[in-house]
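Asker: Input structure: run28.json, which contains JSON, C-alpha atoms.
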[["chain", "number", "residue", "atom", "x", "y", "z"],
["B", 1, "MET", "CA", 111.66, 102.83, 101.81],
["B", 2, "THR", "CA", 111.59, 105.40, 104.55],
["B", 3, "GLN", "CA", 108.95, 104.72, 107.19],
["B", 4, "ARG", "CA", 109.43, 107.49, 109.75],
["B", 5, "ILE", "CA", 112.01, 109.43, 111.72],
["B", 6, "HIS", "CA", 113.87, 106.85, 113.79],
["B", 7, "HIS", "CA", 115.97, 109.22, 115.88],
["B", 8, "ILE", "CA", 117.21, 112.79, 116.13],
["B", 9, "ASN", "CA", 120.60, 113.49, 117.68],
["B", 10, "PHE", "CA", 121.63, 116.63, 119.54],
["B", 11, "LEU", "CA", 125.27, 117.23, 120.45],
["B", 12, "VAL", "CA", 125.98, 118.50, 123.95],
["B", 13, "ARG", "CA", 129.12, 119.41, 125.85],
["B", 14, "ASP", "CA", 127.75, 118.33, 129.22],
["B", 15, "LEU", "CA", 125.42, 115.33, 129.15],
["B", 16, "GLU", "CA", 124.31, 115.71, 132.77],
["B", 17, "LYS", "CA", 123.32, 119.35, 132.25],
["B", 18, "ALA", "CA", 121.44, 118.43, 129.05],
["B", 19, "ILE", "CA", 119.64, 115.58, 130.83],
["B", 20, "ASP", "CA", 118.54, 117.99, 133.56],
["B", 21, "ALA", "CA", 117.06, 120.38, 130.98],
["B", 22, "TRP", "CA", 115.26, 117.67, 128.98],
["B", 23, "GLN", "CA", 114.09, 115.94, 132.15],
["B", 24, "THR", "CA", 112.44, 119.19, 133.21],
["B", 25, "VAL", "CA", 110.66, 119.57, 129.87],
["B", 26, "LEU", "CA", 109.68, 115.91, 129.43],
["B", 27, "GLY", "CA", 108.94, 115.24, 133.09],
["B", 28, "ARG", "CA", 110.99, 112.06, 133.25],
["B", 29, "ALA", "CA", 114.46, 110.60, 133.25],
["B", 30, "PRO", "CA", 116.01, 109.20, 130.05],
["B", 31, "ASP", "CA", 114.80, 105.78, 128.94],
["B", 32, "SER", "CA", 118.39, 104.64, 128.56],
["B", 33, "ARG", "CA", 121.98, 105.76, 128.94],
["B", 34, "ASP", "CA", 124.70, 104.22, 126.83],
["B", 35, "HIS", "CA", 128.26, 104.51, 125.64],
["B", 36, "LEU", "CA", 129.00, 103.93, 121.98],
["B", 37, "GLU", "CA", 132.72, 103.26, 122.11],
["B", 38, "ALA", "CA", 133.14, 103.08, 118.33],
["B", 39, "ARG", "CA", 131.82, 106.65, 118.02],
["B", 40, "GLY", "CA", 133.49, 107.90, 121.21],
["B", 41, "VAL", "CA", 130.27, 109.18, 122.78],
["B", 42, "ALA", "CA", 128.12, 108.98, 125.90],
["B", 43, "ILE", "CA", 124.41, 108.97, 125.14],
["B", 44, "ALA", "CA", 121.08, 109.53, 126.85],
["B", 45, "ARG", "CA", 117.92, 108.52, 124.97],
["B", 46, "TYR", "CA", 114.28, 109.44, 125.36],
["B", 47, "ARG", "CA", 111.61, 107.44, 123.55],
["B", 48, "LEU", "CA", 108.96, 109.84, 122.19],
["B", 49, "GLY", "CA", 106.33, 107.78, 120.42],
["B", 50, "ASP", "CA", 108.07, 106.02, 117.54],
["B", 51, "THR", "CA", 111.06, 108.36, 117.62],
["B", 52, "TRP", "CA", 114.15, 108.50, 119.81],
["B", 53, "LEU", "CA", 115.51, 111.86, 120.98],
["B", 54, "VAL", "CA", 119.23, 111.26, 121.53],
["B", 55, "LEU", "CA", 121.59, 113.48, 123.51],
["B", 56, "VAL", "CA", 125.19, 112.86, 122.47],
["B", 57, "GLN", "CA", 128.30, 113.98, 124.35],
["B", 58, "PRO", "CA", 131.64, 113.28, 122.65],
["B", 59, "VAL", "CA", 134.06, 111.73, 125.16],
["B", 60, "ARG", "CA", 137.00, 111.22, 122.79],
["B", 61, "ASP", "CA", 138.72, 113.70, 120.48],
["B", 62, "GLY", "CA", 139.11, 112.93, 116.79],
["B", 63, "THR", "CA", 135.66, 111.42, 116.30],
["B", 64, "GLU", "CA", 133.03, 112.78, 113.93],
["B", 65, "PRO", "CA", 130.76, 113.92, 116.79],
["B", 66, "ALA", "CA", 133.71, 115.68, 118.51],
["B", 67, "ARG", "CA", 134.74, 117.41, 115.26],
["B", 68, "HIS", "CA", 131.16, 118.50, 114.57],
["B", 69, "LEU", "CA", 130.76, 119.89, 118.10],
["B", 70, "ALA", "CA", 134.04, 121.82, 117.84],
["B", 71, "GLU", "CA", 133.06, 123.29, 114.46],
["B", 72, "HIS", "CA", 129.34, 123.95, 114.95],
["B", 73, "GLY", "CA", 128.75, 123.98, 118.70],
["B", 74, "GLU", "CA", 125.93, 122.37, 120.59],
["B", 75, "GLY", "CA", 122.58, 121.59, 119.02],
["B", 76, "PHE", "CA", 121.15, 119.59, 116.16],
["B", 77, "PHE", "CA", 123.56, 116.94, 114.87],
["B", 78, "LEU", "CA", 121.66, 114.52, 112.64],
["B", 79, "ILE", "CA", 118.37, 112.97, 111.66],
["B", 80, "SER", "CA", 118.01, 109.25, 111.12],
["B", 81, "LEU", "CA", 115.28, 107.83, 108.92],
["B", 82, "ALA", "CA", 113.90, 104.35, 109.61],
["B", 83, "VAL", "CA", 114.00, 101.87, 106.73],
["B", 84, "ASP", "CA", 112.83, 98.26, 106.44],
["B", 85, "ASP", "CA", 115.84, 96.98, 104.52],
["B", 86, "LEU", "CA", 119.03, 99.04, 104.53],
["B", 87, "ALA", "CA", 120.75, 96.94, 101.87],
["B", 88, "ALA", "CA", 117.79, 97.27, 99.50],
["B", 89, "ASP", "CA", 117.66, 101.04, 100.02],
["B", 90, "ALA", "CA", 121.41, 101.32, 99.44],
["B", 91, "GLU", "CA", 120.99, 99.44, 96.16],
["B", 92, "ARG", "CA", 118.01, 101.59, 95.16],
["B", 93, "LEU", "CA", 119.80, 104.86, 95.98],
["B", 94, "GLY", "CA", 123.24, 103.91, 94.68],
["B", 95, "GLU", "CA", 126.56, 103.96, 96.51],
["B", 96, "GLY", "CA", 127.32, 107.51, 95.37],
["B", 97, "LEU", "CA", 124.74, 108.93, 97.76],
["B", 98, "PHE", "CA", 126.43, 107.44, 100.84],
["B", 99, "SER", "CA", 129.45, 108.77, 102.72],
["B", 100, "GLY", "CA", 130.63, 105.44, 104.10],
["B", 101, "PRO", "CA", 129.80, 101.81, 104.76],
["B", 102, "ALA", "CA", 127.09, 100.48, 107.05],
["B", 103, "ARG", "CA", 127.97, 100.42, 110.75],
["B", 104, "ASP", "CA", 126.48, 99.12, 113.96],
["B", 105, "GLY", "CA", 124.59, 101.44, 116.29],
["B", 106, "LEU", "CA", 122.83, 100.91, 119.59],
["B", 107, "ASP", "CA", 120.35, 98.08, 120.16],
["B", 108, "ASP", "CA", 121.28, 96.28, 116.93],
["B", 109, "TRP", "CA", 120.57, 99.37, 114.84],
["B", 110, "CYS", "CA", 122.33, 99.22, 111.48],
["B", 111, "ILE", "CA", 123.25, 102.72, 110.28],
["B", 112, "ARG", "CA", 124.34, 104.13, 106.95],
["B", 113, "ASP", "CA", 125.28, 107.81, 106.58],
["B", 114, "LEU", "CA", 124.22, 109.74, 103.51],
["B", 115, "ASP", "CA", 126.53, 112.35, 101.97],
["B", 116, "PRO", "CA", 125.75, 115.70, 103.65],
["B", 117, "ALA", "CA", 126.61, 117.54, 100.43],
["B", 118, "ALA", "CA", 123.49, 116.02, 98.84],
["B", 119, "PHE", "CA", 121.31, 117.43, 101.65],
["B", 120, "ALA", "CA", 122.51, 121.04, 101.93],
["B", 121, "GLY", "CA", 124.99, 120.08, 104.65],
["B", 122, "VAL", "CA", 122.47, 118.29, 106.87],
["B", 123, "GLN", "CA", 123.66, 114.99, 108.28],
["B", 124, "VAL", "CA", 121.08, 112.37, 107.35],
["B", 125, "GLN", "CA", 121.33, 108.65, 107.88],
["B", 126, "LEU", "CA", 119.25, 105.58, 107.26],
["B", 127, "CYS", "CA", 118.61, 103.17, 110.14],
["B", 128, "GLU", "CA", 117.40, 99.59, 110.01],
["B", 129, "ALA", "CA", 116.22, 98.47, 113.43],
["B", 130, "ASP", "CA", 114.27, 95.50, 114.71]]
Write the structure described by the file as structure tokens, please.
Answerer:
Amino acid sequence: MTQRIHHINFLVRDLEKAIDAWQTVLGRAPDSRDHLEARGVAIARYRLGDTWLVLVQPVRDGTEPARHLAEHGEGFFLISLAVDDLAADAERLGEGLFSGPARDGLDDWCIRDLDPAAFAGVQVQLCEAD
């Protein structure tokens, strides 16, 4: 079952410029900076209460984030909903609602993307995290 919003991702062309803007608004530097090689992205994360705000810069062509940025430009990319048990939710929802298998994210997050067609084109994912 969904507990809360786990993280919200925004795509950016220039991570340093985006960090400067968010740092001004939030009054602090990112809580972490990472590279997610499997997704071909550089990331800066801000912890806001129970939710992560994630700035994502594609660093490799041909990845889903790079394709999305090229097609839609900068801005909102996806929302990730926290779940207690990803496998149980996948069974409850049925495989037809998902657009691919589970994959690893940052900090031992386990991610599963839902089919955007079921959500009016919005990219939604479920995230199980410790």
Asker: Measuring atom to atom with all atoms listed in the file, identify which of B:Met1, B:Val83, B:Ile43, B:Pro30 is nearest to Pro65 (chain B).
Answerer: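 Closest to Pro65 (chain B), using all atoms listed in the file: B:Ile43.
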Asker: Find the residues with any atom within 9 Å of (124.3, 103.6, 108.6); use all atoms listed in the file and the coordinates as given in the file, and write the answer as a list in words.
Answerer: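 Within 9 Å of (124.3, 103.6, 108.6), the protein and nucleic acid residues are Ser80, Leu86, Phe98, Gly100, Pro101, Ala102, Arg103, Asp104, Gly105, Trp109, Cys110, Ile111, Arg112, Asp113, Leu114, Gln125, Leu126, Cys127 and Glu128 of chain B.
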Asker: Hey, could you pull the box centre and edge lengths for region 119-125 of chain B, axis-aligned, 5 Å padding per side, all listed atoms, to one decimal in Å, as AutoDock Vina command-line options?
Answerer:
--center_x 123.0 --center_y 114.8 --center_z 105.0 --size_x 13.9 --size_y 22.4 --size_z 16.6
Asker: Can you work out the spacing between CA of Val25 (chain B) and CA of Val122 (chain B) in Å, to one decimal?
Answerer: 25.9 Å
Asker: Residues near Arg47 (chain B), anyone? I mean within 10 Å using all atoms listed in the file, not counting same-chain ones fewer than 5 positions away, as a list of chain:residue names.
Answerer: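 Within the cut-off, the hits are B:His7, B:Pro30, B:Asp31, B:Ser32, B:Trp52, B:Leu53, B:Val54.
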Asker: Rank B:Asp61, B:Asp50, B:Leu97, B:Val124 by their smallest atom-to-atom distance to Gln3 (chain B), using only C-alpha atoms, and report the top residue only.
Answerer: B:Asp50
Asker: Could you work out how far CA of Glu95 (chain B) lies from CA of Leu36 (chain B), giving the answer in Å with one decimal?
Answerer: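 Rounded to one decimal, the two atoms are 25.6 Å apart.
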Asker: Of the candidates B:Ala70, B:Ile19, B:Leu26, B:Ala129, which one gets nearest to Leu48 (chain B) if we count all atoms listed in the file?
Answerer: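 Answer, going by the shortest atom-to-atom distance: B:Leu26.
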Asker: Do you have the CA of Thr51 (chain B)-CA of Ala90 (chain B) distance handy?
Answerer: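 We find that CA of Thr51 (chain B) and CA of Ala90 (chain B) lie 22.1 Å from each other.
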Asker: With only C-alpha atoms as the basis for distance, which of B:Arg13, B:Gln23, B:Ala29, B:Ala42 is at the shortest distance from Leu106 (chain B)?
Answerer: B:Ala42
Asker: Let me make sure I understand: among B:Glu91, B:Arg45, B:Arg4, B:Leu55, which one has the smallest atom-to-atom distance to Glu74 (chain B) if we use all atoms listed in the file?
Answerer: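 Looking only at the distances to Glu74 (chain B), the closest residue turns out to be B:Leu55.
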Asker: Kindly indicate which residue among B:Ala38, B:Glu64, B:Val56, B:Ala120 lies nearest to Phe10 (chain B), using all atoms listed in the file for the distances.
Answerer: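 Selected residue with least distance to Phe10 (chain B): B:Val56.
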